[in-house]
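*Asks:* I am sharing model.pdb, which consists of PDB, C-alpha atoms, pLDDT in the B column:
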ATOM      1  CA  MET Q 128     119.383 117.740 129.410  1.00 45.00           C
ATOM      2  CA  GLY Q 129     118.126 121.200 128.567  1.00 49.00           C
ATOM      3  CA  SER Q 130     117.589 124.107 130.939  1.00 50.00           C
ATOM      4  CA  LEU Q 131     114.654 126.505 130.567  1.00 50.00           C
ATOM      5  CA  VAL Q 132     115.680 130.060 129.725  1.00 53.00           C
ATOM      6  CA  GLY Q 133     112.370 131.826 129.437  1.00 57.00           C
ATOM      7  CA  GLU Q 134     108.947 131.995 127.852  1.00 59.00           C
ATOM      8  CA  LYS Q 135     107.600 134.914 125.857  1.00 60.00           C
ATOM      9  CA  ASP Q 136     104.663 135.209 123.476  1.00 61.00           C
ATOM     10  CA  GLY Q 137     103.954 131.505 123.894  1.00 60.00           C
ATOM     11  CA  ILE Q 138     107.445 130.527 122.746  1.00 60.00           C
ATOM     12  CA  ILE Q 139     109.585 128.426 125.069  1.00 62.00           C
ATOM     13  CA  ARG Q 140     113.309 129.095 124.804  1.00 67.00           C
ATOM     14  CA  SER Q 141     115.828 126.655 126.182  1.00 67.00           C
ATOM     15  CA  VAL Q 142     119.483 125.757 125.906  1.00 68.00           C
ATOM     16  CA  SER Q 143     121.092 122.352 125.943  1.00 68.00           C
ATOM     17  CA  ASP Q 144     124.619 121.118 126.418  1.00 68.00           C
ATOM     18  CA  THR Q 145     123.795 117.974 124.414  1.00 68.00           C
ATOM     19  CA  PRO Q 146     125.073 118.011 120.805  1.00 69.00           C
ATOM     20  CA  PRO Q 147     122.460 117.976 118.010  1.00 72.00           C
ATOM     21  CA  THR Q 148     121.147 114.507 117.254  1.00 73.00           C
ATOM     22  CA  HIS Q 149     120.791 114.735 113.489  1.00 78.00           C
ATOM     23  CA  TYR Q 150     123.050 117.425 112.070  1.00 81.00           C
ATOM     24  CA  ALA Q 151     125.430 120.214 113.036  1.00 82.00           C
ATOM     25  CA  VAL Q 152     126.925 123.131 111.099  1.00 83.00           C
ATOM     26  CA  VAL Q 153     130.177 124.719 112.272  1.00 83.00           C
ATOM     27  CA  ILE Q 154     131.147 128.037 110.648  1.00 84.00           C
ATOM     28  CA  GLN Q 155     134.687 129.280 111.022  1.00 81.00           C
ATOM     29  CA  LEU Q 156     135.218 133.058 110.720  1.00 84.00           C
ATOM     30  CA  PHE Q 157     131.487 133.736 110.928  1.00 85.00           C
ATOM     31  CA  SER Q 158     132.067 137.498 110.712  1.00 87.00           C
ATOM     32  CA  LEU Q 159     133.599 137.021 107.254  1.00 85.00           C
ATOM     33  CA  LEU Q 160     130.546 135.050 106.104  1.00 85.00           C
ATOM     34  CA  SER Q 161     128.281 137.880 107.276  1.00 86.00           C
ATOM     35  CA  GLU Q 162     130.277 140.307 105.130  1.00 86.00           C
ATOM     36  CA  THR Q 163     130.186 138.234 101.948  1.00 84.00           C
ATOM     37  CA  ALA Q 164     126.942 136.227 101.852  1.00 85.00           C
ATOM     38  CA  GLU Q 165     123.270 136.974 102.462  1.00 89.00           C
ATOM     39  CA  LYS Q 166     122.267 133.327 102.850  1.00 90.00           C
ATOM     40  CA  TYR Q 167     123.880 129.953 103.484  1.00 89.00           C
ATOM     41  CA  GLU Q 168     122.142 126.608 103.010  1.00 89.00           C
ATOM     42  CA  SER Q 169     123.514 123.466 104.606  1.00 87.00           C
ATOM     43  CA  ALA Q 170     123.739 120.101 102.939  1.00 86.00           C
ATOM     44  CA  GLU Q 171     120.699 117.829 103.156  1.00 86.00           C
ATOM     45  CA  PHE Q 172     120.258 115.508 106.115  1.00 84.00           C
ATOM     46  CA  GLU Q 173     117.619 112.951 107.049  1.00 83.00           C
ATOM     47  CA  ALA Q 174     115.496 112.878 110.183  1.00 81.00           C
ATOM     48  CA  GLY Q 175     112.214 111.098 110.812  1.00 77.00           C
ATOM     49  CA  GLY Q 176     112.182 109.704 107.291  1.00 79.00           C
ATOM     50  CA  TYR Q 177     112.323 113.133 105.608  1.00 82.00           C
ATOM     51  CA  LYS Q 178     115.101 115.233 104.119  1.00 85.00           C
ATOM     52  CA  TRP Q 179     115.882 118.611 105.683  1.00 86.00           C
ATOM     53  CA  LYS Q 180     118.355 121.469 105.452  1.00 88.00           C
ATOM     54  CA  LEU Q 181     119.296 124.446 107.592  1.00 88.00           C
ATOM     55  CA  VAL Q 182     118.973 127.907 106.030  1.00 90.00           C
ATOM     56  CA  LEU Q 183     121.006 130.670 107.655  1.00 90.00           C
ATOM     57  CA  HIS Q 184     120.821 134.427 107.041  1.00 92.00           C
ATOM     58  CA  PRO Q 185     123.885 135.784 108.923  1.00 91.00           C
ATOM     59  CA  ASN Q 186     122.548 139.363 108.855  1.00 92.00           C
ATOM     60  CA  GLY Q 187     118.868 138.563 109.175  1.00 92.00           C
ATOM     61  CA  ASN Q 188     116.270 137.626 106.564  1.00 92.00           C
ATOM     62  CA  LYS Q 189     115.939 140.789 104.465  1.00 90.00           C
ATOM     63  CA  SER Q 190     112.754 139.490 102.801  1.00 89.00           C
ATOM     64  CA  LYS Q 191     111.091 139.595 106.227  1.00 88.00           C
ATOM     65  CA  ASN Q 192     112.673 142.940 107.188  1.00 90.00           C
ATOM     66  CA  VAL Q 193     114.816 141.343 109.896  1.00 89.00           C
ATOM     67  CA  GLU Q 194     117.849 143.359 110.981  1.00 87.00           C
ATOM     68  CA  ASP Q 195     120.444 143.067 113.743  1.00 86.00           C
ATOM     69  CA  HIS Q 196     119.607 139.385 114.163  1.00 89.00           C
ATOM     70  CA  ILE Q 197     120.648 136.023 112.792  1.00 90.00           C
ATOM     71  CA  SER Q 198     117.799 134.233 110.997  1.00 91.00           C
ATOM     72  CA  LEU Q 199     117.934 130.431 111.083  1.00 89.00           C
ATOM     73  CA  TYR Q 200     115.329 128.148 109.520  1.00 88.00           C
ATOM     74  CA  LEU Q 201     114.713 124.435 109.291  1.00 85.00           C
ATOM     75  CA  ALA Q 202     113.462 123.765 105.761  1.00 86.00           C
ATOM     76  CA  MET Q 203     112.318 120.634 103.963  1.00 84.00           C
ATOM     77  CA  ALA Q 204     114.810 119.780 101.240  1.00 85.00           C
ATOM     78  CA  ASP Q 205     112.615 117.305  99.369  1.00 80.00           C
ATOM     79  CA  VAL Q 206     108.807 117.573  99.313  1.00 77.00           C
ATOM     80  CA  THR Q 207     108.176 115.177  96.418  1.00 76.00           C
ATOM     81  CA  SER Q 208     107.447 112.278  98.769  1.00 70.00           C
ATOM     82  CA  LEU Q 209     105.009 114.235 100.937  1.00 74.00           C
ATOM     83  CA  PRO Q 210     101.254 113.628 100.584  1.00 71.00           C
ATOM     84  CA  PRO Q 211      98.917 116.368  99.323  1.00 69.00           C
ATOM     85  CA  GLY Q 212      97.957 118.885 101.970  1.00 64.00           C
ATOM     86  CA  TRP Q 213     101.240 118.837 103.861  1.00 69.00           C
ATOM     87  CA  GLU Q 214     101.279 122.661 103.779  1.00 67.00           C
ATOM     88  CA  LEU Q 215      98.518 125.297 104.258  1.00 67.00           C
ATOM     89  CA  VAL Q 216      95.745 124.949 101.691  1.00 56.00           C
ATOM     90  CA  ASP Q 217      92.812 127.363 101.197  1.00 58.00           C
ATOM     91  CA  ASP Q 218      93.840 129.423 104.220  1.00 57.00           C
ATOM     92  CA  THR Q 219      93.319 126.415 106.505  1.00 57.00           C
ATOM     93  CA  CYS Q 220      95.491 125.809 109.551  1.00 53.00           C
ATOM     94  CA  GLU Q 221      95.491 122.540 111.442  1.00 52.00           C
ATOM     95  CA  LEU Q 222      96.872 122.571 114.970  1.00 51.00           C
ATOM     96  CA  GLY Q 223      97.871 119.670 117.140  1.00 51.00           C
ATOM     97  CA  ALA Q 224     100.424 118.334 119.577  1.00 51.00           C
ATOM     98  CA  GLU Q 225     102.954 115.541 119.544  1.00 50.00           C
ATOM     99  CA  VAL Q 226     105.057 114.094 122.334  1.00 52.00           C
ATOM    100  CA  PHE Q 227     108.477 112.668 121.528  1.00 52.00           C
ATOM    101  CA  VAL Q 228     110.550 110.449 123.787  1.00 55.00           C
ATOM    102  CA  ARG Q 229     114.136 110.982 122.801  1.00 53.00           C
ATOM    103  CA  LYS Q 230     116.011 107.740 122.271  1.00 57.00           C
ATOM    104  CA  GLU Q 231     118.316 108.756 119.450  1.00 54.00           C
ATOM    105  CA  ARG Q 232     121.924 109.601 120.065  1.00 55.00           C
ATOM    106  CA  SER Q 233     124.089 111.991 118.136  1.00 53.00           C
ATOM    107  CA  THR Q 234     125.261 110.472 114.861  1.00 57.00           C
ATOM    108  CA  GLY Q 235     128.105 112.922 114.433  1.00 59.00           C
ATOM    109  CA  LYS Q 236     126.856 114.101 111.051  1.00 73.00           C
ATOM    110  CA  GLY Q 237     127.426 117.692 110.110  1.00 74.00           C
ATOM    111  CA  GLU Q 238     129.522 120.090 108.094  1.00 76.00           C
ATOM    112  CA  CYS Q 239     132.106 122.785 108.615  1.00 74.00           C
ATOM    113  CA  LEU Q 240     132.158 126.000 106.573  1.00 76.00           C
ATOM    114  CA  LYS Q 241     135.685 127.424 106.555  1.00 74.00           C
ATOM    115  CA  MET Q 242     136.051 131.044 105.469  1.00 76.00           C
ATOM    116  CA  ILE Q 243     139.469 132.276 104.285  1.00 75.00           C
ATOM    117  CA  LYS Q 244     140.348 135.819 105.299  1.00 75.00           C
ATOM    118  CA  ASP Q 245     142.306 137.880 102.744  1.00 75.00           C
ATOM    119  CA  PRO Q 246     143.022 135.004 100.323  1.00 73.00           C
ATOM    120  CA  SER Q 247     145.802 135.525  97.825  1.00 77.00           C
ATOM    121  CA  GLY Q 248     144.775 136.434  94.287  1.00 79.00           C
ATOM    122  CA  PHE Q 249     145.325 134.156  91.316  1.00 83.00           C
ATOM    123  CA  ASN Q 250     145.156 134.665  87.547  1.00 86.00           C
ATOM    124  CA  HIS Q 251     144.885 131.994  84.891  1.00 87.00           C
ATOM    125  CA  LEU Q 252     145.026 132.539  81.134  1.00 89.00           C
ATOM    126  CA  TRP Q 253     143.517 130.149  78.608  1.00 90.00           C
ATOM    127  CA  LYS Q 254     144.322 130.828  74.964  1.00 89.00           C
ATOM    128  CA  ILE Q 255     142.031 129.202  72.411  1.00 87.00           C
ATOM    129  CA  GLU Q 256     142.904 129.070  68.717  1.00 84.00           C
ATOM    130  CA  ASN Q 257     140.371 128.952  65.873  1.00 84.00           C
ATOM    131  CA  LEU Q 258     137.362 129.566  68.070  1.00 81.00           C
ATOM    132  CA  GLU Q 259     134.966 129.649  65.119  1.00 82.00           C
ATOM    133  CA  LYS Q 260     135.985 126.091  64.148  1.00 86.00           C
ATOM    134  CA  LEU Q 261     135.235 124.469  67.529  1.00 86.00           C
ATOM    135  CA  ASP Q 262     132.502 121.877  67.001  1.00 87.00           C
ATOM    136  CA  SER Q 263     132.253 120.010  70.325  1.00 89.00           C
ATOM    137  CA  ASP Q 264     129.618 120.928  72.886  1.00 91.00           C
ATOM    138  CA  TYR Q 265     132.192 122.062  75.440  1.00 92.00           C
ATOM    139  CA  TYR Q 266     135.933 122.233  76.139  1.00 92.00           C
ATOM    140  CA  ASP Q 267     137.909 122.092  79.384  1.00 92.00           C
ATOM    141  CA  SER Q 268     141.028 124.100  80.141  1.00 92.00           C
ATOM    142  CA  ARG Q 269     144.007 122.475  81.789  1.00 92.00           C
ATOM    143  CA  GLU Q 270     143.741 122.167  85.566  1.00 92.00           C
ATOM    144  CA  PHE Q 271     145.222 124.837  87.812  1.00 90.00           C
ATOM    145  CA  THR Q 272     145.474 125.176  91.577  1.00 89.00           C
ATOM    146  CA  ALA Q 273     144.152 128.158  93.559  1.00 85.00           C
ATOM    147  CA  ALA Q 274     143.338 128.451  97.286  1.00 80.00           C
ATOM    148  CA  GLY Q 275     144.290 124.815  97.783  1.00 80.00           C
ATOM    149  CA  TYR Q 276     141.794 123.436  95.253  1.00 84.00           C
ATOM    150  CA  LYS Q 277     142.119 122.241  91.665  1.00 88.00           C
ATOM    151  CA  TRP Q 278     140.024 124.165  89.124  1.00 91.00           C
ATOM    152  CA  LYS Q 279     139.387 124.326  85.418  1.00 92.00           C
ATOM    153  CA  MET Q 280     137.475 126.585  83.089  1.00 92.00           C
ATOM    154  CA  GLN Q 281     134.743 125.134  80.939  1.00 92.00           C
ATOM    155  CA  LEU Q 282     133.802 126.702  77.618  1.00 92.00           C
ATOM    156  CA  TYR Q 283     130.616 126.112  75.627  1.00 92.00           C
ATOM    157  CA  PRO Q 284     131.358 127.776  72.249  1.00 89.00           C
ATOM    158  CA  LYS Q 285     127.723 127.542  71.137  1.00 89.00           C
ATOM    159  CA  GLY Q 286     126.263 128.510  74.498  1.00 87.00           C
ATOM    160  CA  ARG Q 287     124.420 126.526  77.131  1.00 88.00           C
ATOM    161  CA  ASP Q 288     120.886 126.475  78.584  1.00 87.00           C
ATOM    162  CA  SER Q 289     119.129 129.781  77.813  1.00 85.00           C
ATOM    163  CA  GLY Q 290     122.207 131.019  75.924  1.00 83.00           C
ATOM    164  CA  THR Q 291     122.333 128.128  73.456  1.00 86.00           C
ATOM    165  CA  GLY Q 292     122.795 129.354  69.909  1.00 84.00           C
ATOM    166  CA  SER Q 293     123.232 133.004  70.828  1.00 85.00           C
ATOM    167  CA  HIS Q 294     125.960 133.217  73.470  1.00 86.00           C
ATOM    168  CA  LEU Q 295     129.360 131.870  74.418  1.00 86.00           C
ATOM    169  CA  SER Q 296     129.057 130.287  77.876  1.00 89.00           C
ATOM    170  CA  LEU Q 297     132.033 130.160  80.255  1.00 89.00           C
ATOM    171  CA  TYR Q 298     132.203 128.572  83.717  1.00 90.00           C
ATOM    172  CA  LEU Q 299     134.656 128.044  86.568  1.00 89.00           C
ATOM    173  CA  VAL Q 300     134.333 124.504  87.975  1.00 88.00           C
ATOM    174  CA  LEU Q 301     136.095 122.331  90.540  1.00 86.00           C
ATOM    175  CA  ALA Q 302     138.304 119.846  88.718  1.00 86.00           C
ATOM    176  CA  ASP Q 303     138.560 117.294  91.539  1.00 79.00           C
ATOM    177  CA  LEU Q 304     135.047 117.446  92.981  1.00 75.00           C
ATOM    178  CA  ALA Q 305     134.612 113.663  92.965  1.00 73.00           C
ATOM    179  CA  SER Q 306     137.711 113.196  95.145  1.00 70.00           C
ATOM    180  CA  LEU Q 307     136.465 115.531  97.881  1.00 71.00           C
ATOM    181  CA  THR Q 308     134.533 113.807 100.676  1.00 66.00           C
ATOM    182  CA  PRO Q 309     131.915 114.896 101.429  1.00 64.00           C
ATOM    183  CA  PRO Q 310     131.224 117.070  98.341  1.00 59.00           C
ATOM    184  CA  PRO Q 311     131.915 120.623  99.545  1.00 63.00           C
ATOM    185  CA  LYS Q 312     130.191 123.937  99.053  1.00 68.00           C
ATOM    186  CA  ILE Q 313     132.721 126.652  98.295  1.00 75.00           C
ATOM    187  CA  TYR Q 314     132.020 130.384  98.119  1.00 75.00           C
ATOM    188  CA  VAL Q 315     134.332 131.890  95.520  1.00 79.00           C
ATOM    189  CA  ASP Q 316     134.870 135.519  94.546  1.00 79.00           C
ATOM    190  CA  TYR Q 317     136.016 135.386  90.931  1.00 82.00           C
ATOM    191  CA  SER Q 318     135.627 137.046  87.560  1.00 85.00           C
ATOM    192  CA  LEU Q 319     135.811 135.577  84.050  1.00 85.00           C
ATOM    193  CA  ARG Q 320     136.894 137.859  81.246  1.00 83.00           C
ATOM    194  CA  ILE Q 321     137.044 137.437  77.489  1.00 79.00           C
ATOM    195  CA  ALA Q 322     139.762 139.466  75.783  1.00 75.00           C
ATOM    196  CA  GLY Q 323     140.197 140.190  72.075  1.00 61.00           C
ATOM    197  CA  SER Q 324     137.952 140.484  69.044  1.00 45.00           C
ATOM    198  CA  VAL Q 325     136.558 136.970  68.873  1.00 43.00           C
ATOM    199  CA  PRO Q 326     134.677 136.935  65.533  1.00 40.00           C
ATOM    200  CA  GLN Q 327     137.579 138.437  63.564  1.00 34.00           C
ATOM    201  CA  VAL Q 328     140.652 136.626  64.893  1.00 36.00           C
ATOM    202  CA  GLY Q 329     139.051 133.382  66.017  1.00 40.00           C
ATOM    203  CA  LYS Q 330     140.828 133.219  69.360  1.00 41.00           C
ATOM    204  CA  VAL Q 331     140.057 134.209  72.932  1.00 43.00           C
ATOM    205  CA  VAL Q 332     142.108 134.551  76.076  1.00 43.00           C
ATOM    206  CA  LEU Q 333     140.261 133.567  79.254  1.00 41.00           C
TER     207      LEU Q 333
END
Please rewrite the model in this file as structure tokens.

*Replies:*
Amino acid sequence: MGSLVGEKDGIIRSVSDTPPTHYAVVIQLFSLLSETAEKYESAEFEAGGYKWKLVLHPNGNKSKNVEDHISLYLAMADVTSLPPGWELVDDTCELGAEVFVRKERSTGKGECLKMIKDPSGFNHLWKIENLEKLDSDYYDSREFTAAGYKWKMQLYPKGRDSGTGSHLSLYLVLADLASLTPPPKIYVDYSLRIAGSVPQVGKVVL
């Protein structure tokens, strides 16, 4: 049951001691998230036959000039199945009312975002010989462990996406993503650096 808190500008505000029916997001060390990220998007969840996600701005939505507040939005994650006209068209607004009788119970679905305060640093070197002779689309480094997760570097010697044919593309990826349930979202502060004169010596240390 919810208890009425107040009404202002036509908006009814209430609190409830009942857990969310469809999805919940728990953020550990929220203050650390507010220092490192402007926006956090939850995983997708389904309710009423549609897919949704929660979008959180821990320091307020800067695009709407919001400060000293937390901005939280419910957004549609997949609009491909929606019929034409589901959003405002030609400056037209359609108003109406719906009454819901709650019969659903909490499913226990949700996620937990765990922030790590002052994590220990880690360096990994990957030495590649004869760079100019690499002919595969991409190469993986050996796996290494940092912050409790297994990682690897992924190198595209001929570039990838918009850099194909003109750049060397380098990525940091989770090596054991398939074994993590559910698939996590991890905020990582990292830097990738290429050392040496690549065209002349044909090797690079990553």

*Asks:* Please provide the set of residues having any atom within 10 Å of Ala273 (chain Q), restricted to only C-alpha atoms, with same-chain residues fewer than 4 positions apart removed, written as a list in words.

*Replies:* Pro246, Ser247, Gly248, Phe249, Asn250, His251, Lys277 and Trp278 of chain Q

*Asks:* Which neighbours of Leu159 (chain Q) fall inside 10 Å, counting only C-alpha atoms, when residues of the same chain fewer than 3 positions from it are skipped, and could you give them as number ranges by chain?

*Replies:* Q: 154-156, 162-164, 185, 241-245

*Asks:* Using Å and a single decimal, report how far CA of Ile313 (chain Q) sits from CA of Ile197 (chain Q).

*Replies:*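 Taking CA of Ile197 (chain Q) as the start and CA of Ile313 (chain Q) as the end point, the length is 21.1 Å.
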
*Asks:* For each of Q:Glu168, Q:Asp262, Q:Asp288, Q:Glu256, take the minimum atom-to-atom distance to Leu201 (chain Q), counting all atoms listed in the file, then give the residue where this is smallest.

*Replies:*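 Ranking Q:Glu168, Q:Asp262, Q:Asp288, Q:Glu256 by distance to Leu201 (chain Q), first place goes to Q:Glu168.
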
*Asks:* For region 171-177 of chain Q, please output as a count of residues only all residues within 9 Å (counting only C-alpha atoms; exclusion window: fewer than 2 positions along the same chain).

*Replies:* 15

*Asks:* I need the output of the PyMOL selection byres ((chain Q and resi 296) around 7) for this file as an mmCIF file with C-alpha atoms, keeping the file's coordinate frame; which residues are they?

*Replies:*
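The file below, out00.cif, is the result:
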data_model
loop_
_atom_site.group_PDB
_atom_site.id
_atom_site.type_symbol
_atom_site.label_atom_id
_atom_site.label_comp_id
_atom_site.auth_asym_id
_atom_site.auth_seq_id
_atom_site.Cartn_x
_atom_site.Cartn_y
_atom_site.Cartn_z
ATOM 1 C CA LEU Q 282 133.802 126.702 77.618
ATOM 2 C CA TYR Q 283 130.616 126.112 75.627
ATOM 3 C CA PRO Q 284 131.358 127.776 72.249
ATOM 4 C CA GLY Q 286 126.263 128.510 74.498
ATOM 5 C CA ARG Q 287 124.420 126.526 77.131
ATOM 6 C CA HIS Q 294 125.960 133.217 73.470
ATOM 7 C CA LEU Q 295 129.360 131.870 74.418
ATOM 8 C CA LEU Q 297 132.033 130.160 80.255
ATOM 9 C CA TYR Q 298 132.203 128.572 83.717
#

*Asks:* Leu319 (chain Q): which residues within 12 Å, counting only C-alpha atoms, same-chain residues fewer than 2 positions away excluded, as a PyMOL selection string?

*Replies:* chain Q and resi 250-253+279-282+296-300+316-317+321-322+331-333

*Asks:* In terms of the shortest atom-to-atom distance over all atoms listed in the file, which of Q:Glu165, Q:Tyr266, Q:Ala170, Q:Lys178 is closest to Glu194 (chain Q)?

*Replies:*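 That would be Q:Glu165, the residue with the smallest distance to Glu194 (chain Q).
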
*Asks:* For CA of Lys254 (chain Q) and CA of Glu270 (chain Q), quote the distance in Å rounded to one decimal.

*Replies:*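 Taking CA of Lys254 (chain Q) and CA of Glu270 (chain Q), their separation equals 13.7 Å.
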
*Asks:* When distances are computed from all atoms listed in the file, which of Q:Tyr314, Q:Ser293, Q:Leu183, Q:Lys285 shows the smallest separation from Leu258 (chain Q)?

*Replies:*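 Looking only at the distances to Leu258 (chain Q), the closest residue turns out to be Q:Lys285.
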
*Asks:* Counting only C-alpha atoms, which residue out of Q:Asp195, Q:Asp303, Q:Thr207, Q:Thr291 sits closest to Asp264 (chain Q)?

*Replies:*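 With only C-alpha atoms as the atom set, the closest residue is Q:Thr291.
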
*Asks:* Point out the residue among Q:Ile255, Q:Leu199, Q:Val152, Q:Leu301 with the least atom-to-atom distance to Leu240 (chain Q), counting only C-alpha atoms.

*Replies:*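 Checking each of Q:Ile255, Q:Leu199, Q:Val152, Q:Leu301 against Leu240 (chain Q), counting only C-alpha atoms, the winner is Q:Val152.
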
*Asks:* Do you have the CA of Ala302 (chain Q)-CA of Leu261 (chain Q) distance handy?

*Replies:*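 A separation of 21.9 Å between them.
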
*Asks:* Could you give me the axis-aligned bounding box of region 297-303 of chain Q, with 6 Å of padding per side, as centre plus edge lengths in Å to one decimal, as JSON?

*Replies:*
{"center_x": 135.3, "center_y": 123.7, "center_z": 85.9, "size_x": 18.5, "size_y": 24.9, "size_z": 23.3}
